[in-house]
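Okay, so here's the structure we're looking at.
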Amino acid sequence: LATDTDLNSLCCLLCAMVSDPRRLRALKDIPQQNVRSDLHQHVFPVITALVAYSHKLTKSTQHILLQCLQIGLSGKRCRMCVVALSMAILEMQKVMVRVLPLLIPQLAKVSATISMAVPMLEFMSNLVRIPDLYMNFVEVQFRSVFVTVLPYTDPSKFTPYIVTLAHHILTLWFISCRASM
């Protein structure tokens with residue numbers, strides 16, 4: 001079995017491969033076309049699995065892992081990254097508190113597609129149920145939450161279940177907003 005140090009090293013190495021394009025050029029004996037997208041296809045499932053081992057990772061490695069998942073939000077592995085972030089809400093709350101203010105506006109930029117509906121709504125549903133994670137949110141973050149969830153209320157694009165779930169989550173977030181906003 002791997003030691004805690006091995007898991008931290010693996011996590012840091014994989015995240016560095018995703019976040020630093022220079023690392024790709026250092027790899028030997030690989031074709032140079034589409035290297036980055038091919039690498040992401042194989043690396044993000046491992047990074048996602050590492051979230052479950054957060055109790056064995058240092059706080060700084062957890063932070064690096066969450067930053068890597070944020071990078072994945074702009075790629076083809078977006079769905080997988082949102083699922084991993086949902087798990088991180090439950091597993092890495094102390095680190096998520098620091099990451100969420102930058103993460104929430106980034107989630108608002110993710111296209112509201114049918115394949116993203118359930119992971120995104122689950123993320124927002126998990127988050128609203130843990131007030132300690134969003135107690136320091138300001139108007140910008142609350143606005144981003146609404147911008148993220150609102151497109152899923154379109155009944156011509158989404159199933160009745162998704163639309164109902166989106167309305168439910170919007171209601172919970174509305175109740176959670178401070179009166180001063």
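Each chain in the structure tokens gets a letter, A, B and so on, in the order shown; residues start at 1 in every chain, and ligands are counted from 1 in the order they appear.
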List as a PDB file with N, CA, C and O atoms, in the first residue's frame the protein and nucleic acid residues near segment 161-166 of chain A, meaning an atom at most 7 Å away when only C-alpha atoms are counted, but skip any in the same chain fewer than 4 places from it.
ATOM      1  N   ALA A 117     -26.115  18.913 -15.833  1.00  0.00           N
ATOM      2  CA  ALA A 117     -27.200  19.299 -14.931  1.00  0.00           C
ATOM      3  C   ALA A 117     -27.114  18.618 -13.565  1.00  0.00           C
ATOM      4  O   ALA A 117     -27.078  19.298 -12.533  1.00  0.00           O
ATOM      5  N   LEU A 121     -26.033  20.592 -10.125  1.00  0.00           N
ATOM      6  CA  LEU A 121     -27.080  20.782  -9.126  1.00  0.00           C
ATOM      7  C   LEU A 121     -26.764  20.032  -7.837  1.00  0.00           C
ATOM      8  O   LEU A 121     -27.061  20.524  -6.743  1.00  0.00           O
ATOM      9  N   VAL A 149     -27.269  28.190 -11.367  1.00  0.00           N
ATOM     10  CA  VAL A 149     -28.429  27.296 -11.235  1.00  0.00           C
ATOM     11  C   VAL A 149     -29.599  27.722 -12.129  1.00  0.00           C
ATOM     12  O   VAL A 149     -30.330  26.872 -12.641  1.00  0.00           O
ATOM     13  N   TYR A 152     -30.869  25.963 -15.441  1.00  0.00           N
ATOM     14  CA  TYR A 152     -31.436  24.620 -15.317  1.00  0.00           C
ATOM     15  C   TYR A 152     -32.942  24.648 -15.033  1.00  0.00           C
ATOM     16  O   TYR A 152     -33.568  23.593 -14.908  1.00  0.00           O
ATOM     17  N   THR A 153     -33.534  25.834 -14.951  1.00  0.00           N
ATOM     18  CA  THR A 153     -34.986  25.950 -14.736  1.00  0.00           C
ATOM     19  C   THR A 153     -35.758  26.022 -16.047  1.00  0.00           C
ATOM     20  O   THR A 153     -36.977  26.173 -16.028  1.00  0.00           O
ATOM     21  N   ASP A 154     -35.084  25.900 -17.166  1.00  0.00           N
ATOM     22  CA  ASP A 154     -35.719  25.985 -18.485  1.00  0.00           C
ATOM     23  C   ASP A 154     -36.396  24.645 -18.832  1.00  0.00           C
ATOM     24  O   ASP A 154     -35.725  23.669 -19.148  1.00  0.00           O
ATOM     25  N   PRO A 155     -37.743  24.602 -18.786  1.00  0.00           N
ATOM     26  CA  PRO A 155     -38.445  23.329 -19.030  1.00  0.00           C
ATOM     27  C   PRO A 155     -38.365  22.851 -20.482  1.00  0.00           C
ATOM     28  O   PRO A 155     -38.596  21.679 -20.756  1.00  0.00           O
ATOM     29  N   LEU A 170     -32.577  26.746  -5.893  1.00  0.00           N
ATOM     30  CA  LEU A 170     -32.681  28.216  -5.887  1.00  0.00           C
ATOM     31  C   LEU A 170     -33.392  28.708  -4.633  1.00  0.00           C
ATOM     32  O   LEU A 170     -32.993  29.710  -4.024  1.00  0.00           O
TER      33      LEU A 170
END
**OP:** Run DSSP on the backbone and grab whatever in segment 66-137 of chain A lands in helix (DSSP H, G or I); send it over as an MDAnalysis selection string.
**Re:** chainID A and resid 66:72 78:91 93:107 114:128 131:134
Subject >> Contact residues around Leu50 of chain A with only C-alpha atoms at 12 Å, ignoring same-chain residues under 4 positions, as number ranges by chain >> reply: A: 4, 6-12, 14-15, 43-46, 54-57, 61-62, 64-66, 68-69, 81, 84-85, 87-88, 91-92
